[in-house]
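upload24.pdb follows; it contains PDB, C-alpha atoms.
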```pdb
ATOM      1  CA  MET O 215       0.000   0.000   0.000
ATOM      2  CA  ASP O 216       1.506   3.319  -0.980
ATOM      3  CA  GLN O 217       1.406   6.450   1.059
ATOM      4  CA  GLN O 218      -1.446   8.024  -0.874
ATOM      5  CA  ALA O 219      -3.665   4.980  -0.389
ATOM      6  CA  ALA O 220      -3.084   5.165   3.337
ATOM      7  CA  LYS O 221      -4.095   8.810   3.626
ATOM      8  CA  PRO O 222      -7.300   9.934   1.979
ATOM      9  CA  ASP O 223      -7.866  13.651   1.649
ATOM     10  CA  ILE O 224     -10.032  14.153   4.687
ATOM     11  CA  GLY O 225     -11.792  17.497   4.470
ATOM     12  CA  GLN O 226     -11.401  17.689   0.702
ATOM     13  CA  GLU O 227     -14.223  19.576  -1.026
ATOM     14  CA  LEU O 228     -15.776  17.756  -3.964
ATOM     15  CA  PRO O 229     -16.542  19.720  -7.158
ATOM     16  CA  GLU O 230     -19.921  21.446  -7.156
ATOM     17  CA  VAL O 231     -22.507  20.014  -9.568
ATOM     18  CA  LYS O 232     -24.974  22.617 -10.870
ATOM     19  CA  LYS O 233     -28.314  21.521 -12.229
ATOM     20  CA  GLY O 234     -30.529  23.483 -14.601
ATOM     21  CA  PRO O 235     -33.654  25.148 -13.178
ATOM     22  CA  VAL O 236     -36.389  22.698 -12.128
ATOM     23  CA  THR O 237     -39.282  22.975 -14.597
ATOM     24  CA  HIS O 238     -42.916  21.875 -14.557
ATOM     25  CA  THR O 239     -42.071  19.639 -17.506
ATOM     26  CA  GLN O 240     -39.307  17.969 -15.520
ATOM     27  CA  LEU O 241     -41.726  17.255 -12.663
ATOM     28  CA  VAL O 242     -44.163  15.652 -15.123
ATOM     29  CA  LYS O 243     -41.327  13.562 -16.578
ATOM     30  CA  TYR O 244     -40.137  12.560 -13.124
ATOM     31  CA  ALA O 245     -43.684  11.640 -12.055
ATOM     32  CA  GLY O 246     -43.968   9.283 -15.013
ATOM     33  CA  ALA O 247     -40.467   7.872 -14.664
ATOM     34  CA  SER O 248     -40.685   7.279 -10.913
ATOM     35  CA  GLY O 249     -44.366   6.401 -10.712
ATOM     36  CA  ASP O 250     -44.983   9.019  -8.024
ATOM     37  CA  PHE O 251     -48.185  10.618  -9.279
ATOM     38  CA  ASN O 252     -49.016  12.593  -6.159
ATOM     39  CA  PRO O 253     -50.683  15.598  -7.856
ATOM     40  CA  ILE O 254     -49.033  18.138  -5.544
ATOM     41  CA  HIS O 255     -46.002  17.681  -7.817
ATOM     42  CA  THR O 256     -47.736  18.177 -11.151
ATOM     43  CA  VAL O 257     -51.162  19.818 -10.859
ATOM     44  CA  VAL O 258     -50.945  23.498  -9.902
ATOM     45  CA  PRO O 259     -54.527  23.853  -8.537
ATOM     46  CA  VAL O 260     -53.946  20.838  -6.246
ATOM     47  CA  GLY O 261     -50.721  22.386  -4.963
ATOM     48  CA  GLU O 262     -52.606  25.626  -4.331
ATOM     49  CA  GLN O 263     -55.415  23.822  -2.517
ATOM     50  CA  ALA O 264     -52.830  22.101  -0.347
ATOM     51  CA  GLY O 265     -51.584  25.539   0.699
ATOM     52  CA  LEU O 266     -48.275  25.185  -1.112
ATOM     53  CA  GLY O 267     -48.824  28.094  -3.488
ATOM     54  CA  GLY O 268     -48.318  25.791  -6.474
ATOM     55  CA  VAL O 269     -46.532  22.549  -7.182
ATOM     56  CA  ILE O 270     -43.433  21.347  -5.353
ATOM     57  CA  ALA O 271     -40.727  19.047  -6.688
ATOM     58  CA  HIS O 272     -40.548  15.426  -5.585
ATOM     59  CA  GLY O 273     -37.992  15.202  -2.779
ATOM     60  CA  MET O 274     -36.654  12.112  -4.513
ATOM     61  CA  LEU O 275     -35.902  14.179  -7.622
ATOM     62  CA  ILE O 276     -33.582  16.353  -5.552
ATOM     63  CA  MET O 277     -32.036  13.211  -4.038
ATOM     64  CA  GLY O 278     -31.641  12.035  -7.637
ATOM     65  CA  PHE O 279     -29.639  15.202  -8.386
ATOM     66  CA  ALA O 280     -27.491  14.476  -5.330
ATOM     67  CA  GLY O 281     -27.016  10.871  -6.494
ATOM     68  CA  GLN O 282     -25.893  12.161  -9.877
ATOM     69  CA  ALA O 283     -23.306  14.349  -8.153
ATOM     70  CA  VAL O 284     -22.048  11.472  -5.997
ATOM     71  CA  CYS O 285     -21.467   9.395  -9.143
ATOM     72  CA  THR O 286     -19.466  12.200 -10.745
ATOM     73  CA  TRP O 287     -17.222  12.313  -7.662
ATOM     74  CA  PHE O 288     -16.791   8.543  -7.316
ATOM     75  CA  PRO O 289     -17.371   5.537  -9.561
ATOM     76  CA  ARG O 290     -20.960   4.234  -9.336
ATOM     77  CA  LYS O 291     -19.467   0.791  -8.765
ATOM     78  CA  HIS O 292     -17.985   1.988  -5.473
ATOM     79  CA  LEU O 293     -21.178   3.425  -3.970
ATOM     80  CA  ARG O 294     -22.156   1.522  -0.838
ATOM     81  CA  ARG O 295     -24.518   3.735   1.103
ATOM     82  CA  PHE O 296     -26.393   6.983   0.452
ATOM     83  CA  LYS O 297     -28.629   8.735   2.932
ATOM     84  CA  VAL O 298     -30.332  12.116   2.958
ATOM     85  CA  ARG O 299     -32.619  14.136   5.157
ATOM     86  CA  PHE O 300     -35.049  16.385   3.303
ATOM     87  CA  ALA O 301     -34.955  19.938   4.627
ATOM     88  CA  ALA O 302     -37.004  22.237   2.378
ATOM     89  CA  MET O 303     -39.405  22.121  -0.544
ATOM     90  CA  THR O 304     -38.266  22.957  -4.065
ATOM     91  CA  ARG O 305     -40.409  24.770  -6.623
ATOM     92  CA  PRO O 306     -40.175  25.147 -10.387
ATOM     93  CA  GLY O 307     -37.622  27.811 -11.315
ATOM     94  CA  GLU O 308     -35.247  26.967  -8.500
ATOM     95  CA  GLN O 309     -31.748  25.950  -9.457
ATOM     96  CA  ILE O 310     -30.106  23.251  -7.376
ATOM     97  CA  SER O 311     -26.390  22.805  -6.777
ATOM     98  CA  ILE O 312     -24.806  19.880  -4.999
ATOM     99  CA  THR O 313     -21.647  20.132  -2.967
ATOM    100  CA  GLY O 314     -19.747  17.525  -1.013
ATOM    101  CA  ARG O 315     -16.834  16.978   1.284
ATOM    102  CA  ILE O 316     -14.844  13.939   2.373
ATOM    103  CA  ILE O 317     -15.394  13.562   6.106
ATOM    104  CA  GLU O 318     -13.503  10.481   7.187
ATOM    105  CA  GLN O 319     -12.304   7.033   6.342
ATOM    106  CA  VAL O 320     -14.245   4.167   7.856
ATOM    107  CA  THR O 321     -13.749   0.412   7.784
ATOM    108  CA  VAL O 322     -16.805  -1.725   7.194
ATOM    109  CA  GLY O 323     -16.089  -5.438   7.247
ATOM    110  CA  ASN O 324     -12.869  -5.780   5.254
ATOM    111  CA  GLU O 325     -13.515  -2.728   3.177
ATOM    112  CA  GLN O 326     -12.105   0.735   3.613
ATOM    113  CA  ARG O 327     -14.554   3.439   2.694
ATOM    114  CA  LEU O 328     -14.722   7.182   2.504
ATOM    115  CA  ARG O 329     -17.669   8.840   4.187
ATOM    116  CA  CYS O 330     -18.711  12.087   2.530
ATOM    117  CA  GLU O 331     -21.150  14.834   3.275
ATOM    118  CA  VAL O 332     -23.585  15.763   0.488
ATOM    119  CA  VAL O 333     -25.639  18.971   0.471
ATOM    120  CA  ALA O 334     -28.133  20.299  -2.092
ATOM    121  CA  ARG O 335     -28.907  24.019  -2.047
ATOM    122  CA  ASN O 336     -30.816  26.389  -4.291
ATOM    123  CA  GLN O 337     -29.342  29.493  -5.942
ATOM    124  CA  HIS O 338     -29.924  31.487  -2.734
ATOM    125  CA  GLY O 339     -28.096  28.980  -0.560
ATOM    126  CA  GLU O 340     -31.229  27.476   1.000
ATOM    127  CA  VAL O 341     -30.487  23.870   2.006
ATOM    128  CA  LYS O 342     -32.875  21.436   0.335
ATOM    129  CA  LEU O 343     -31.357  18.245   1.613
ATOM    130  CA  LYS O 344     -28.353  17.178   3.574
ATOM    131  CA  GLY O 345     -26.903  13.726   3.770
ATOM    132  CA  GLU O 346     -23.951  11.476   3.363
ATOM    133  CA  CYS O 347     -22.593   8.723   1.222
ATOM    134  CA  GLU O 348     -20.105   5.939   1.707
ATOM    135  CA  VAL O 349     -17.915   4.784  -1.138
ATOM    136  CA  ALA O 350     -15.331   2.041  -1.318
ATOM    137  CA  ARG O 351     -11.854   3.488  -1.527
ATOM    138  CA  GLU O 352     -10.502   3.260  -5.034
ATOM    139  CA  GLU O 353      -7.521   1.156  -4.023
ATOM    140  CA  HIS O 354      -9.618  -1.305  -2.080
ATOM    141  CA  ALA O 355     -12.818  -1.687  -4.070
ATOM    142  CA  GLU O 356     -13.680  -5.127  -5.470
TER     143      GLU O 356
ATOM    144  CA  MET N  34     -53.290  14.776  19.226
ATOM    145  CA  SER N  35     -50.839  11.998  19.676
ATOM    146  CA  LYS N  36     -51.418   8.327  19.138
ATOM    147  CA  ASP N  37     -49.371   5.227  19.806
ATOM    148  CA  VAL N  38     -47.494   4.516  16.588
ATOM    149  CA  SER N  39     -45.172   1.948  18.172
ATOM    150  CA  ARG N  40     -47.861  -0.676  17.515
ATOM    151  CA  LEU N  41     -46.903  -0.346  13.822
ATOM    152  CA  ILE N  42     -43.415  -1.762  14.387
ATOM    153  CA  GLY N  43     -43.075  -5.104  12.654
ATOM    154  CA  TYR N  44     -46.024  -4.530  10.326
ATOM    155  CA  GLU N  45     -45.227  -6.168   6.979
ATOM    156  CA  PHE N  46     -46.577  -5.143   3.616
ATOM    157  CA  GLU N  47     -47.443  -7.596   0.880
ATOM    158  CA  PRO N  48     -44.199  -8.423  -1.006
ATOM    159  CA  TYR N  49     -44.041  -6.984  -4.521
ATOM    160  CA  ARG N  50     -42.192  -7.772  -7.720
ATOM    161  CA  PHE N  51     -40.714  -5.566 -10.368
ATOM    162  CA  VAL N  52     -38.825  -6.441 -13.538
ATOM    163  CA  VAL N  53     -36.095  -3.878 -14.213
ATOM    164  CA  GLU N  54     -36.427  -2.609 -17.771
ATOM    165  CA  ARG N  55     -33.748  -0.964 -19.868
ATOM    166  CA  GLY N  56     -36.154   1.706 -21.126
ATOM    167  CA  LYS N  57     -37.332   2.505 -17.607
ATOM    168  CA  ILE N  58     -33.753   3.092 -16.479
ATOM    169  CA  ARG N  59     -33.189   5.431 -19.434
ATOM    170  CA  GLU N  60     -36.461   7.276 -18.790
ATOM    171  CA  PHE N  61     -35.503   7.773 -15.133
ATOM    172  CA  ALA N  62     -32.007   9.070 -15.956
ATOM    173  CA  LEU N  63     -33.525  11.439 -18.532
ATOM    174  CA  ALA N  64     -36.054  12.805 -16.017
ATOM    175  CA  ILE N  65     -33.262  13.609 -13.556
ATOM    176  CA  GLU N  66     -31.129  14.909 -16.424
ATOM    177  CA  ASP N  67     -28.348  12.627 -15.248
ATOM    178  CA  ASP N  68     -26.100  12.233 -18.273
ATOM    179  CA  ASN N  69     -23.862   9.498 -16.840
ATOM    180  CA  PRO N  70     -23.561   7.109 -19.811
ATOM    181  CA  ILE N  71     -23.427   3.961 -17.637
ATOM    182  CA  TYR N  72     -27.240   4.063 -17.381
ATOM    183  CA  VAL N  73     -27.808   3.948 -21.137
ATOM    184  CA  ASP N  74     -24.679   2.711 -22.880
ATOM    185  CA  ARG N  75     -23.463  -0.867 -22.389
ATOM    186  CA  ALA N  76     -19.917  -0.086 -23.473
ATOM    187  CA  ALA N  77     -19.650   2.774 -20.980
ATOM    188  CA  ALA N  78     -21.141   0.561 -18.256
ATOM    189  CA  ALA N  79     -18.662  -2.203 -19.098
ATOM    190  CA  ALA N  80     -15.787   0.268 -18.854
ATOM    191  CA  ALA N  81     -17.080   1.168 -15.369
ATOM    192  CA  GLY N  82     -17.035  -2.478 -14.277
ATOM    193  CA  PHE N  83     -20.672  -3.454 -14.924
ATOM    194  CA  SER N  84     -21.839  -6.361 -17.098
ATOM    195  CA  ASP N  85     -24.693  -4.257 -18.556
ATOM    196  CA  VAL N  86     -26.142  -0.795 -17.970
ATOM    197  CA  THR N  87     -27.018  -0.324 -14.300
ATOM    198  CA  ILE N  88     -29.396   1.847 -12.297
ATOM    199  CA  PRO N  89     -28.974   5.363 -10.902
ATOM    200  CA  PRO N  90     -28.653   5.422  -7.090
ATOM    201  CA  THR N  91     -32.256   6.542  -6.507
ATOM    202  CA  PHE N  92     -33.852   4.200  -9.073
ATOM    203  CA  PRO N  93     -35.221   1.909  -6.314
ATOM    204  CA  THR N  94     -38.008   4.470  -5.898
ATOM    205  CA  VAL N  95     -39.224   3.269  -9.323
ATOM    206  CA  ILE N  96     -39.397  -0.299  -7.997
ATOM    207  CA  ASP N  97     -41.457   0.934  -5.031
ATOM    208  CA  MET N  98     -43.760   3.300  -6.878
ATOM    209  CA  TRP N  99     -44.454   1.080  -9.885
ATOM    210  CA  GLY N 100     -44.219  -2.282  -8.146
ATOM    211  CA  GLY N 101     -45.334  -1.694  -4.586
ATOM    212  CA  PRO N 102     -48.080   0.025  -2.670
ATOM    213  CA  ASP N 103     -48.338   3.642  -3.812
ATOM    214  CA  PHE N 104     -48.139   6.584  -1.456
ATOM    215  CA  PHE N 105     -51.892   6.612  -0.858
ATOM    216  CA  ALA N 106     -51.989   2.882  -0.043
ATOM    217  CA  LEU N 107     -49.034   3.317   2.317
ATOM    218  CA  VAL N 108     -50.681   6.174   4.133
ATOM    219  CA  GLU N 109     -53.896   4.187   4.445
ATOM    220  CA  ALA N 110     -52.161   1.035   5.696
ATOM    221  CA  LEU N 111     -50.312   3.048   8.327
ATOM    222  CA  GLN N 112     -53.435   5.097   9.151
ATOM    223  CA  LEU N 113     -51.692   8.415   8.627
ATOM    224  CA  ASP N 114     -53.170  11.804   7.794
ATOM    225  CA  LEU N 115     -52.323  12.288   4.112
ATOM    226  CA  LEU N 116     -52.136  16.077   4.397
ATOM    227  CA  LYS N 117     -49.668  15.981   7.292
ATOM    228  CA  VAL N 118     -47.244  13.459   5.883
ATOM    229  CA  LEU N 119     -43.767  14.239   4.550
ATOM    230  CA  HIS N 120     -40.871  12.166   3.305
ATOM    231  CA  GLY N 121     -38.318  12.950   6.004
ATOM    232  CA  GLU N 122     -35.306  10.791   5.217
ATOM    233  CA  GLN N 123     -34.181   8.262   2.654
ATOM    234  CA  GLU N 124     -31.311   5.819   2.855
ATOM    235  CA  TYR N 125     -30.025   3.157   0.476
ATOM    236  CA  GLU N 126     -27.480   0.434   1.109
ATOM    237  CA  TYR N 127     -26.092  -0.978  -2.118
ATOM    238  CA  LEU N 128     -25.156  -4.630  -1.722
ATOM    239  CA  GLY N 129     -25.063  -5.847  -5.317
ATOM    240  CA  ASP N 130     -25.528  -4.690  -8.893
ATOM    241  CA  ILE N 131     -28.966  -4.399 -10.490
ATOM    242  CA  TYR N 132     -29.351  -4.865 -14.255
ATOM    243  CA  PRO N 133     -32.075  -4.811 -16.913
ATOM    244  CA  GLY N 134     -34.030  -8.056 -16.834
ATOM    245  CA  ASP N 135     -33.536  -8.569 -13.106
ATOM    246  CA  GLU N 136     -36.690  -9.660 -11.324
ATOM    247  CA  ILE N 137     -36.668  -7.896  -8.017
ATOM    248  CA  GLN N 138     -38.767  -9.030  -5.090
ATOM    249  CA  ALA N 139     -39.192  -6.389  -2.407
ATOM    250  CA  ARG N 140     -40.350  -6.885   1.156
ATOM    251  CA  THR N 141     -41.222  -3.890   3.285
ATOM    252  CA  ARG N 142     -41.753  -3.788   7.011
ATOM    253  CA  VAL N 143     -42.047  -1.063   9.604
ATOM    254  CA  ALA N 144     -38.611  -1.074  11.205
ATOM    255  CA  ASP N 145     -39.239   1.755  13.651
ATOM    256  CA  ALA N 146     -42.020   4.051  14.746
ATOM    257  CA  LYS N 147     -41.699   6.735  17.366
ATOM    258  CA  THR N 148     -43.123  10.020  18.509
ATOM    259  CA  LYS N 149     -41.147  13.191  19.049
ATOM    260  CA  ALA N 150     -42.492  16.157  20.951
ATOM    261  CA  GLY N 151     -41.678  19.678  19.786
ATOM    262  CA  THR N 152     -42.480  23.209  20.856
ATOM    263  CA  SER N 153     -44.846  23.855  17.941
ATOM    264  CA  GLY N 154     -46.356  20.375  17.909
ATOM    265  CA  GLY N 155     -44.962  16.917  17.647
ATOM    266  CA  MET N 156     -44.313  14.374  14.977
ATOM    267  CA  HIS N 157     -44.485  10.678  14.376
ATOM    268  CA  LEU N 158     -41.474   9.180  12.625
ATOM    269  CA  ILE N 159     -42.105   5.905  10.865
ATOM    270  CA  THR N 160     -39.207   4.071   9.222
ATOM    271  CA  LEU N 161     -39.979   1.562   6.493
ATOM    272  CA  GLU N 162     -37.233  -0.897   5.649
ATOM    273  CA  THR N 163     -37.381  -2.640   2.297
ATOM    274  CA  ARG N 164     -35.105  -5.503   1.282
ATOM    275  CA  TYR N 165     -34.739  -6.191  -2.418
ATOM    276  CA  ALA N 166     -33.722  -9.635  -3.673
ATOM    277  CA  ASN N 167     -33.019 -10.578  -7.279
ATOM    278  CA  GLN N 168     -34.102 -13.722  -9.173
ATOM    279  CA  ARG N 169     -31.158 -15.622  -7.664
ATOM    280  CA  GLY N 170     -32.307 -14.789  -4.159
ATOM    281  CA  GLU N 171     -29.397 -12.392  -3.561
ATOM    282  CA  THR N 172     -30.260  -9.346  -1.461
ATOM    283  CA  VAL N 173     -28.939  -6.552  -3.641
ATOM    284  CA  LEU N 174     -30.286  -3.507  -1.858
ATOM    285  CA  ILE N 175     -31.804  -2.254   1.378
ATOM    286  CA  SER N 176     -33.855   0.931   1.584
ATOM    287  CA  ARG N 177     -34.950   2.842   4.655
ATOM    288  CA  SER N 178     -37.561   5.559   4.257
ATOM    289  CA  THR N 179     -38.599   7.707   7.156
ATOM    290  CA  ILE N 180     -42.072   9.158   6.903
ATOM    291  CA  VAL N 181     -42.924  12.130   9.091
ATOM    292  CA  GLU N 182     -46.477  12.827  10.229
ATOM    293  CA  ARG N 183     -46.898  16.153  11.989
ATOM    294  CA  PHE N 184     -49.572  16.640  14.593
TER     295      PHE N 184
END
```

Translate the structure described by the file into structure tokens.
Amino acid sequence: MDQQAAKPDIGQELPEVKKGPVTHTQLVKYAGASGDFNPIHTVVPVGEQAGLGGVIAHGMLIMGFAGQAVCTWFPRKHLRRFKVRFAAMTRPGEQISITGRIIEQVTVGNEQRLRCEVVARNQHGEVKLKGECEVAREEHAE
Amino acid sequence: MSKDVSRLIGYEFEPYRFVVERGKIREFALAIEDDNPIYVDRAAAAAAGFSDVTIPPTFPTVIDMWGGPDFFALVEALQLDLLKVLHGEQEYEYLGDIYPGDEIQARTRVADAKTKAGTSGGMHLITLETRYANQRGETVLISRSTIVERF
């Protein structure tokens, strides 16, 4: 094992992933793709009746954005665990960015993993979800 | 008004099946606007160590929503107030690869249910754990969803 393998870059910031603005069309597409047809995500009058002032994005869509970011930072093959807590609703027009940071190295079974923080925010810095992922370390995966 | 949600712990839903389809994976990646080629291009997936295209990390929601009880059925089974329910947390543990053609059987049970008091009202937190096995009986994924009901 070389020196670099022994010392991951704890605290390292992972490159920000910027998504395009969430659109009504995207919410319709995501409803169909995911099978989540709760009308508060797609039908404006229902969202208004529910007191939301319109439709809100599926939380899982925003987690999907975060999952996309995770798999740009690390190989998909190395992803072991991914967890988020939903913090705020997202509406059409909002633009989500995902940032991450390597927190620590952990050993699970025989595998060394990196544990990373993952945060999704809108263009004003409002946190939409916060979570973490665990990925097998490159040198040890498989 | 509070109620005793701990009685829900251990409740098991009817198991459900879902066949993973290539087109469904592509549709899901397109909806997220996730342009990672490993979800649509076999050669790219092979280069990333997969034997075929694989699924995006949050694809299991497709298995649940299309294969399992929908949100309304869940809320009814757990006797929750639809208008006060939120998806609080979501966790996935990835144990094995999932590919097009895989026949996934999912079993969901209530792993935890508790009540938290707050200054502006309390909440019930109900955690559903789903285990997903493929056609060879290998558990390839575990999901934990925490549903929040405010009161």

* Which residues fall under the PyMOL selection byres ((chain O and resi 231) around 6) in this file, as an MDAnalysis selection string? -> chainID O and resid 230 232 283 311:312

Would you mind listing what lies within 9 Å of segment 35-41 of chain N as a PDB file with C-alpha atoms, keeping the file's coordinate frame, with only C-alpha atoms counted and same-chain residues fewer than 2 positions away left out?
```pdb
ATOM      1  CA  GLY N  43     -43.075  -5.104  12.654  1.00  0.00           C
ATOM      2  CA  TYR N  44     -46.024  -4.530  10.326  1.00  0.00           C
ATOM      3  CA  LEU N 111     -50.312   3.048   8.327  1.00  0.00           C
ATOM      4  CA  VAL N 143     -42.047  -1.063   9.604  1.00  0.00           C
ATOM      5  CA  ALA N 144     -38.611  -1.074  11.205  1.00  0.00           C
ATOM      6  CA  ASP N 145     -39.239   1.755  13.651  1.00  0.00           C
ATOM      7  CA  ALA N 146     -42.020   4.051  14.746  1.00  0.00           C
ATOM      8  CA  LYS N 147     -41.699   6.735  17.366  1.00  0.00           C
ATOM      9  CA  THR N 148     -43.123  10.020  18.509  1.00  0.00           C
ATOM     10  CA  GLY N 155     -44.962  16.917  17.647  1.00  0.00           C
ATOM     11  CA  MET N 156     -44.313  14.374  14.977  1.00  0.00           C
ATOM     12  CA  HIS N 157     -44.485  10.678  14.376  1.00  0.00           C
ATOM     13  CA  LEU N 158     -41.474   9.180  12.625  1.00  0.00           C
ATOM     14  CA  ILE N 159     -42.105   5.905  10.865  1.00  0.00           C
ATOM     15  CA  PHE N 184     -49.572  16.640  14.593  1.00  0.00           C
TER      16      PHE N 184
END
```

* Identify all chain N residues at most 10 Å from chain O by counting only C-alpha atoms; ligands do not count. Present them as JSON, numbers by chain. => {"N": [56, 57, 58, 59, 60, 61, 62, 63, 64, 65, 66, 67, 68, 69, 71, 78, 81, 82, 83, 87, 88, 89, 90, 91, 92, 93, 94, 95, 96, 97, 98, 99, 100, 103, 104, 105, 116, 119, 120, 121, 122, 123, 124, 125, 126, 127, 128, 129, 130, 174, 175, 176, 177, 178, 179]}

* Evaluating the PyMOL selection byres ((chain N and resi 47) around 10) on the displayed file yields which residues, as a list in words? -> Glu45, Phe46, Pro48, Tyr49, Gly101, Pro102, Ala139, Arg140, Thr141 and Arg142 of chain N

Apply the PyMOL selection byres ((chain O and resi 326) around 10) to the file shown and report the selected residues as a compact mmCIF listing (two decimals) with C-alpha atoms, in the frame of the given file.
```txt
# COMPACT_ATOMS: atom_id res chain seq x y z
CA GLN O 319 -12.30 7.03 6.34
CA VAL O 320 -14.24 4.17 7.86
CA THR O 321 -13.75 0.41 7.78
CA VAL O 322 -16.80 -1.72 7.19
CA GLY O 323 -16.09 -5.44 7.25
CA ASN O 324 -12.87 -5.78 5.25
CA GLU O 325 -13.52 -2.73 3.18
CA ARG O 327 -14.55 3.44 2.69
CA LEU O 328 -14.72 7.18 2.50
CA ARG O 329 -17.67 8.84 4.19
CA GLU O 348 -20.10 5.94 1.71
CA VAL O 349 -17.92 4.78 -1.14
CA ALA O 350 -15.33 2.04 -1.32
CA ARG O 351 -11.85 3.49 -1.53
CA GLU O 352 -10.50 3.26 -5.03
CA GLU O 353 -7.52 1.16 -4.02
CA HIS O 354 -9.62 -1.30 -2.08
CA ALA O 355 -12.82 -1.69 -4.07
```

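Take atom CA of Val108 of chain N and atom CA of Ile254 of chain O: the distance between them is 15.5 Å.
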
* Asked: atom CA of Val333 of chain O and atom CA of Arg315 of chain O, how far apart in Å?
  ->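 Taking atom CA of Arg315 of chain O and atom CA of Val333 of chain O, their separation equals 9.1 Å.
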
* Hey, can you check how far atom CA of Glu331 of chain O sits from atom CA of Ile310 of chain O? ->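 Taking atom CA of Glu331 of chain O as the start and atom CA of Ile310 of chain O as the end point, the length is 16.3 Å.
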
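Proximity ranking of N:Val86, N:Leu107, N:Pro70, N:Lys117 relative to Leu161 of chain N places N:Leu107 first, based on only C-alpha atoms.
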
Could you work out an axis-aligned bounding box for all listed atoms of segment 67-79 of chain N, with 3 Å added on each of the six sides, and give its centre and edge lengths in Å to one decimal, as JSON?
```
{"center_x": -23.5, "center_y": 5.2, "center_z": -19.4, "size_x": 15.7, "size_y": 20.8, "size_z": 14.2}
```

How about completing segment 320-333 of chain O with N, CA and C atoms and giving it to me as a PDB file, in the coordinates of the input?
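In the end it all went to selection_1.pdb:
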```
ATOM      1  N   VAL O 320     -13.672   5.144   6.930  1.00  0.00           N
ATOM      2  CA  VAL O 320     -14.245   4.167   7.856  1.00  0.00           C
ATOM      3  C   VAL O 320     -13.956   2.766   7.311  1.00  0.00           C
ATOM      4  N   THR O 321     -13.931   1.804   8.202  1.00  0.00           N
ATOM      5  CA  THR O 321     -13.749   0.412   7.784  1.00  0.00           C
ATOM      6  C   THR O 321     -15.036  -0.335   8.071  1.00  0.00           C
ATOM      7  N   VAL O 322     -15.580  -0.942   7.030  1.00  0.00           N
ATOM      8  CA  VAL O 322     -16.805  -1.725   7.194  1.00  0.00           C
ATOM      9  C   VAL O 322     -16.488  -3.128   6.700  1.00  0.00           C
ATOM     10  N   GLY O 323     -16.541  -4.093   7.594  1.00  0.00           N
ATOM     11  CA  GLY O 323     -16.089  -5.438   7.247  1.00  0.00           C
ATOM     12  C   GLY O 323     -14.614  -5.373   6.894  1.00  0.00           C
ATOM     13  N   ASN O 324     -14.267  -5.840   5.695  1.00  0.00           N
ATOM     14  CA  ASN O 324     -12.869  -5.780   5.254  1.00  0.00           C
ATOM     15  C   ASN O 324     -12.602  -4.577   4.354  1.00  0.00           C
ATOM     16  N   GLU O 325     -13.619  -3.763   4.194  1.00  0.00           N
ATOM     17  CA  GLU O 325     -13.515  -2.728   3.177  1.00  0.00           C
ATOM     18  C   GLU O 325     -13.259  -1.357   3.793  1.00  0.00           C
ATOM     19  N   GLN O 326     -12.324  -0.653   3.190  1.00  0.00           N
ATOM     20  CA  GLN O 326     -12.105   0.735   3.613  1.00  0.00           C
ATOM     21  C   GLN O 326     -12.957   1.646   2.746  1.00  0.00           C
ATOM     22  N   ARG O 327     -13.647   2.542   3.404  1.00  0.00           N
ATOM     23  CA  ARG O 327     -14.554   3.439   2.694  1.00  0.00           C
ATOM     24  C   ARG O 327     -14.282   4.879   3.072  1.00  0.00           C
ATOM     25  N   LEU O 328     -14.720   5.760   2.185  1.00  0.00           N
ATOM     26  CA  LEU O 328     -14.722   7.182   2.504  1.00  0.00           C
ATOM     27  C   LEU O 328     -16.162   7.571   2.798  1.00  0.00           C
ATOM     28  N   ARG O 329     -16.347   8.318   3.859  1.00  0.00           N
ATOM     29  CA  ARG O 329     -17.669   8.840   4.187  1.00  0.00           C
ATOM     30  C   ARG O 329     -17.681  10.321   3.806  1.00  0.00           C
ATOM     31  N   CYS O 330     -18.682  10.722   3.044  1.00  0.00           N
ATOM     32  CA  CYS O 330     -18.711  12.087   2.530  1.00  0.00           C
ATOM     33  C   CYS O 330     -20.034  12.751   2.849  1.00  0.00           C
ATOM     34  N   GLU O 331     -19.949  14.033   3.079  1.00  0.00           N
ATOM     35  CA  GLU O 331     -21.150  14.834   3.275  1.00  0.00           C
ATOM     36  C   GLU O 331     -21.658  15.271   1.897  1.00  0.00           C
ATOM     37  N   VAL O 332     -22.961  15.321   1.740  1.00  0.00           N
ATOM     38  CA  VAL O 332     -23.585  15.763   0.488  1.00  0.00           C
ATOM     39  C   VAL O 332     -24.660  16.780   0.839  1.00  0.00           C
ATOM     40  N   VAL O 333     -24.634  17.944   0.188  1.00  0.00           N
ATOM     41  CA  VAL O 333     -25.639  18.971   0.471  1.00  0.00           C
ATOM     42  C   VAL O 333     -26.184  19.524  -0.841  1.00  0.00           C
TER      43      VAL O 333
END
```
